[in-house]
Structure formats: C-alpha cells, structure tokens
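K.L.:
My structure is in run17.cif, and what it holds is mmCIF, C-alpha atoms:
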data_my_file
loop_
_atom_site.label_atom_id
_atom_site.label_comp_id
_atom_site.auth_asym_id
_atom_site.auth_seq_id
_atom_site.Cartn_x
_atom_site.Cartn_y
_atom_site.Cartn_z
CA MET A 1 107.19 14.85 330.30
CA ARG A 2 106.48 14.82 326.56
CA LYS A 3 103.04 15.72 325.27
CA THR A 4 101.23 13.86 322.54
CA TRP A 5 100.01 15.60 319.41
CA THR A 6 96.44 15.17 320.64
CA GLN A 7 97.27 16.89 323.94
CA ILE A 8 98.95 19.81 322.18
CA LYS A 9 96.10 20.09 319.70
CA ASN A 10 93.45 20.06 322.45
CA GLU A 11 95.34 22.68 324.50
CA THR A 12 95.93 25.08 321.60
CA MET A 13 92.88 24.69 319.32
CA THR A 14 89.15 24.75 319.77
CA LYS A 15 87.10 21.83 318.44
CA GLN A 16 85.98 24.01 315.52
CA GLU A 17 89.58 24.95 314.69
CA GLN A 18 90.51 21.25 314.83
CA ARG A 19 87.69 20.38 312.41
CA THR A 20 88.72 23.20 310.06
CA ALA A 21 92.36 22.10 310.17
CA GLY A 22 91.32 18.51 309.47
CA LEU A 23 89.24 19.55 306.45
CA LEU A 24 92.10 21.66 305.09
CA ALA A 25 94.52 18.74 305.53
CA LEU A 26 92.15 16.39 303.68
CA ARG A 27 91.79 18.91 300.85
CA ASP A 28 95.56 19.24 300.57
CA LEU A 29 95.95 15.46 300.50
CA ALA A 30 93.28 15.18 297.80
CA GLU A 31 95.07 17.68 295.55
CA MET A 32 98.72 16.82 295.07
CA GLU A 33 101.33 17.27 292.42
CA LEU A 34 103.08 14.09 291.28
CA ALA A 35 106.27 14.93 293.19
CA GLU A 36 104.27 15.64 296.36
CA LEU A 37 102.50 12.29 296.03
CA ARG A 38 105.79 10.47 295.51
CA GLU A 39 107.35 12.23 298.51
CA ALA A 40 104.29 11.53 300.69
CA LEU A 41 104.77 7.83 299.88
CA GLN A 42 108.48 8.19 300.73
CA VAL A 43 109.64 7.00 297.32
CA SER A 44 112.77 8.58 295.88
CA GLN A 45 113.06 9.61 292.24
CA GLU A 46 115.87 7.08 291.90
CA ASP A 47 113.74 4.21 293.23
CA LEU A 48 110.80 5.15 291.02
CA ALA A 49 113.10 5.51 288.00
CA GLU A 50 114.39 1.99 288.58
CA LYS A 51 110.85 0.59 288.70
CA LEU A 52 109.89 2.48 285.54
CA LYS A 53 113.14 1.52 283.79
CA VAL A 54 114.00 5.17 283.11
CA THR A 55 116.56 7.59 284.49
CA GLN A 56 116.12 9.76 287.58
CA VAL A 57 116.31 12.79 285.28
CA ALA A 58 113.35 11.42 283.27
CA VAL A 59 111.27 11.13 286.47
CA SER A 60 112.20 14.68 287.45
CA ARG A 61 111.18 16.01 284.02
CA LEU A 62 107.93 14.05 284.11
CA GLU A 63 107.01 15.53 287.48
CA ARG A 64 107.46 19.06 286.11
CA ARG A 65 105.62 18.62 282.81
CA PRO A 66 102.23 20.34 282.56
CA ASN A 67 100.79 17.75 280.14
CA ILE A 68 101.56 14.04 280.02
CA LEU A 69 100.02 11.03 278.33
CA VAL A 70 97.46 9.08 280.33
CA GLU A 71 99.53 5.92 279.84
CA THR A 72 102.62 7.67 281.22
CA LEU A 73 100.66 8.84 284.25
CA SER A 74 99.26 5.34 284.74
CA ASN A 75 102.77 3.84 284.63
CA TYR A 76 103.99 6.45 287.15
CA ILE A 77 101.16 5.63 289.57
CA GLU A 78 101.72 1.89 289.14
CA GLY A 79 105.41 2.50 289.89
CA LEU A 80 104.29 3.99 293.21
CA GLY A 81 102.28 0.85 293.92
CA GLY A 82 98.86 2.19 292.95
CA ARG A 83 96.58 2.20 289.97
CA LEU A 84 95.08 5.09 288.06
CA GLU A 85 91.34 5.41 287.57
CA LEU A 86 89.94 7.89 285.10
CA ARG A 87 86.38 9.12 285.50
CA ALA A 88 84.21 11.55 283.54
CA ILE A 89 82.04 13.50 285.98
CA LEU A 90 78.87 14.57 284.20
CA PRO A 91 75.84 16.49 285.53
CA ASN A 92 73.72 13.38 286.07
CA ARG A 93 76.32 10.60 286.47
CA THR A 94 79.94 9.60 286.76
CA VAL A 95 81.42 7.23 284.18
CA ARG A 96 84.66 5.28 284.56
CA LEU A 97 86.72 5.48 281.37
CA THR A 98 88.48 2.16 280.94
CA HIS A 99 89.77 2.02 277.37
CA LEU A 100 92.25 4.82 278.00
CA LEU A 101 93.92 2.81 280.74
CA ALA A 102 94.27 -0.49 278.91
CA THR A 103 97.38 -2.30 280.06
CA SER A 104 100.45 -2.37 277.86
CA LYS A 105 99.98 -6.11 277.41
CA ARG A 106 96.42 -5.60 276.12
CA LYS A 107 97.62 -2.85 273.80
CA LYS A 108 100.43 -5.04 272.45
CA THR A 109 97.97 -7.90 271.91
CA ALA A 110 95.53 -5.61 270.11
CA ARG A 111 98.37 -4.27 267.95
CA ALA A 112 99.45 -7.82 267.09
CA VAL A 113 95.88 -8.78 266.14
CA ARG A 114 95.56 -5.71 263.89
CA ARG A 115 98.93 -6.50 262.28
CA LYS A 116 97.87 -10.12 261.67
CA HIS A 117 94.59 -9.00 260.05
CA ARG A 118 96.44 -6.48 257.91
CA ASP A 119 99.00 -9.09 256.84
CA ASN A 120 96.24 -11.61 256.03
CA ALA A 121 94.41 -8.99 253.97
CA ARG A 122 97.61 -8.24 252.02
CA LEU A 123 98.22 -11.94 251.45
CA LYS A 124 94.68 -12.41 250.10
CA HIS A 125 95.09 -9.36 247.91
CA ASP A 126 98.42 -10.63 246.57
CA LYS A 127 96.96 -14.10 245.85
CA ALA A 128 93.96 -12.59 244.08
CA GLY A 129 96.27 -10.52 241.91
CA VAL A 130 98.40 -13.51 240.91
#
As structure tokens - that is how I would like this structure written.
P.N.:
Amino acid sequence: MRKTWTQIKNETMTKQEQRTAGLLALRDLAEMELAELREALQVSQEDLAEKLKVTQVAVSRLERRPNILVETLSNYIEGLGGRLELRAILPNRTVRLTHLLATSKRKKTARAVRRKHRDNARLKHDKAGV
C-alpha cells in the first residue's frame, strides 16, 4: 500500500522538524530568482518569450542579468500572469511606489501629451517670430 506524504512526514520527522522544514520552504519560496519563479509556475522560456514578443534567447539573457529595468521586470511578471508591486520599506512605514510601474499605455499617453505641449510651444514661438 502506498503512503501519503503526510504519513511519511509524520513517521520520519518530529513536529518541531516539520515546523522548521515548513519555515525553510516558505523562506525559499519567498526568495526566488526569475528563472526559479518561471519554472515554479511551469512556464517555459519559449511560452514566456511568445507572450513578451521577444525571443527565447532574450528571456534566457534577462533571467541571468544582475540588473534590469523596473519596467522590464514588470513586463516579465505580467507575462507570468502576475503584477509587480514595488515598496520602499522605511523604519516607520512602508510606501508603495506607483509611478515607477506606470503602464506602457500611460507612459505613451504622457509622452504624447508632452510632445503636443512642446509642438504647441514651438508653434506659438514661430508665430510670434513671424
């Protein structure tokens, strides 16, 4: 007869050992590299690359880079079906930083607004000079 994981665990570990193992597992799950996270979610580099509209090689390189842009990380996490939250943990409070994770659409809109203002300013300047 097959034994369940719980039966094996109870036969081979004390309650304290089980608690310690559980805490270690939670710590490991809370601290993951990008590739480990992707693998834990059972997403291949090829599938993620397709969602991100990049090559599999680009995903592989991204997972090995020590420093990446916040927007790139946000896109990666969204490709895995999640969303990135960025928080500053200070001595007396924790603050969620939102402007760094503005969506691409919001960034494009903001860029278009700035361009329109710049173009209008040039037009006024040109008319004043004429």
K.L.:
Could you list, as an MDAnalysis selection string, every residue matched by the PyMOL selection byres ((chain A and resi 81-89) around 12) in this structure?
P.N.:
chainID A and resid 37:38 41:43 47:48 51:52 70:80 90:103
K.L.:
Could you jot down the atom CA of Glu36 of chain A to atom CA of Thr6 of chain A separation for me, Å, one decimal place?
P.N.:
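Interatomic distance, atom CA of Glu36 of chain A to atom CA of Thr6 of chain A: 25.5 Å.
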K.L.:
Enter the distance from atom CA of Val113 of chain A to atom CA of Asp126 of chain A, in Å, rounded to one decimal.
P.N.:
19.8 Å
K.L.:
Near Ala58 of chain A, within 12 Å and counting only C-alpha atoms, which residues show up once chain neighbours fewer than 3 positions away are dropped, as a list in words?
P.N.:
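Residues near the query, excluding close chain neighbours: Gln45, Glu46, Leu48, Ala49, Glu50, Leu52, Lys53, Val54, Thr55, Arg61, Leu62, Glu63, Arg64, Arg65, Thr72 and Tyr76 of chain A.
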K.L.:
In Å, how far is it from atom CA of Ala40 of chain A to atom CA of Arg2 of chain A?
P.N.:
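Here the two named atoms are 26.2 Å from each other.
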K.L.:
Let me have the centre and edge lengths of the axis-aligned box enclosing all listed atoms of segment 66-75 of chain A with 8 Å padding on every side, in Å to one decimal, as JSON.
P.N.:
{"center_x": 100.1, "center_y": 12.1, "center_z": 281.5, "size_x": 21.3, "size_y": 32.5, "size_z": 22.4}
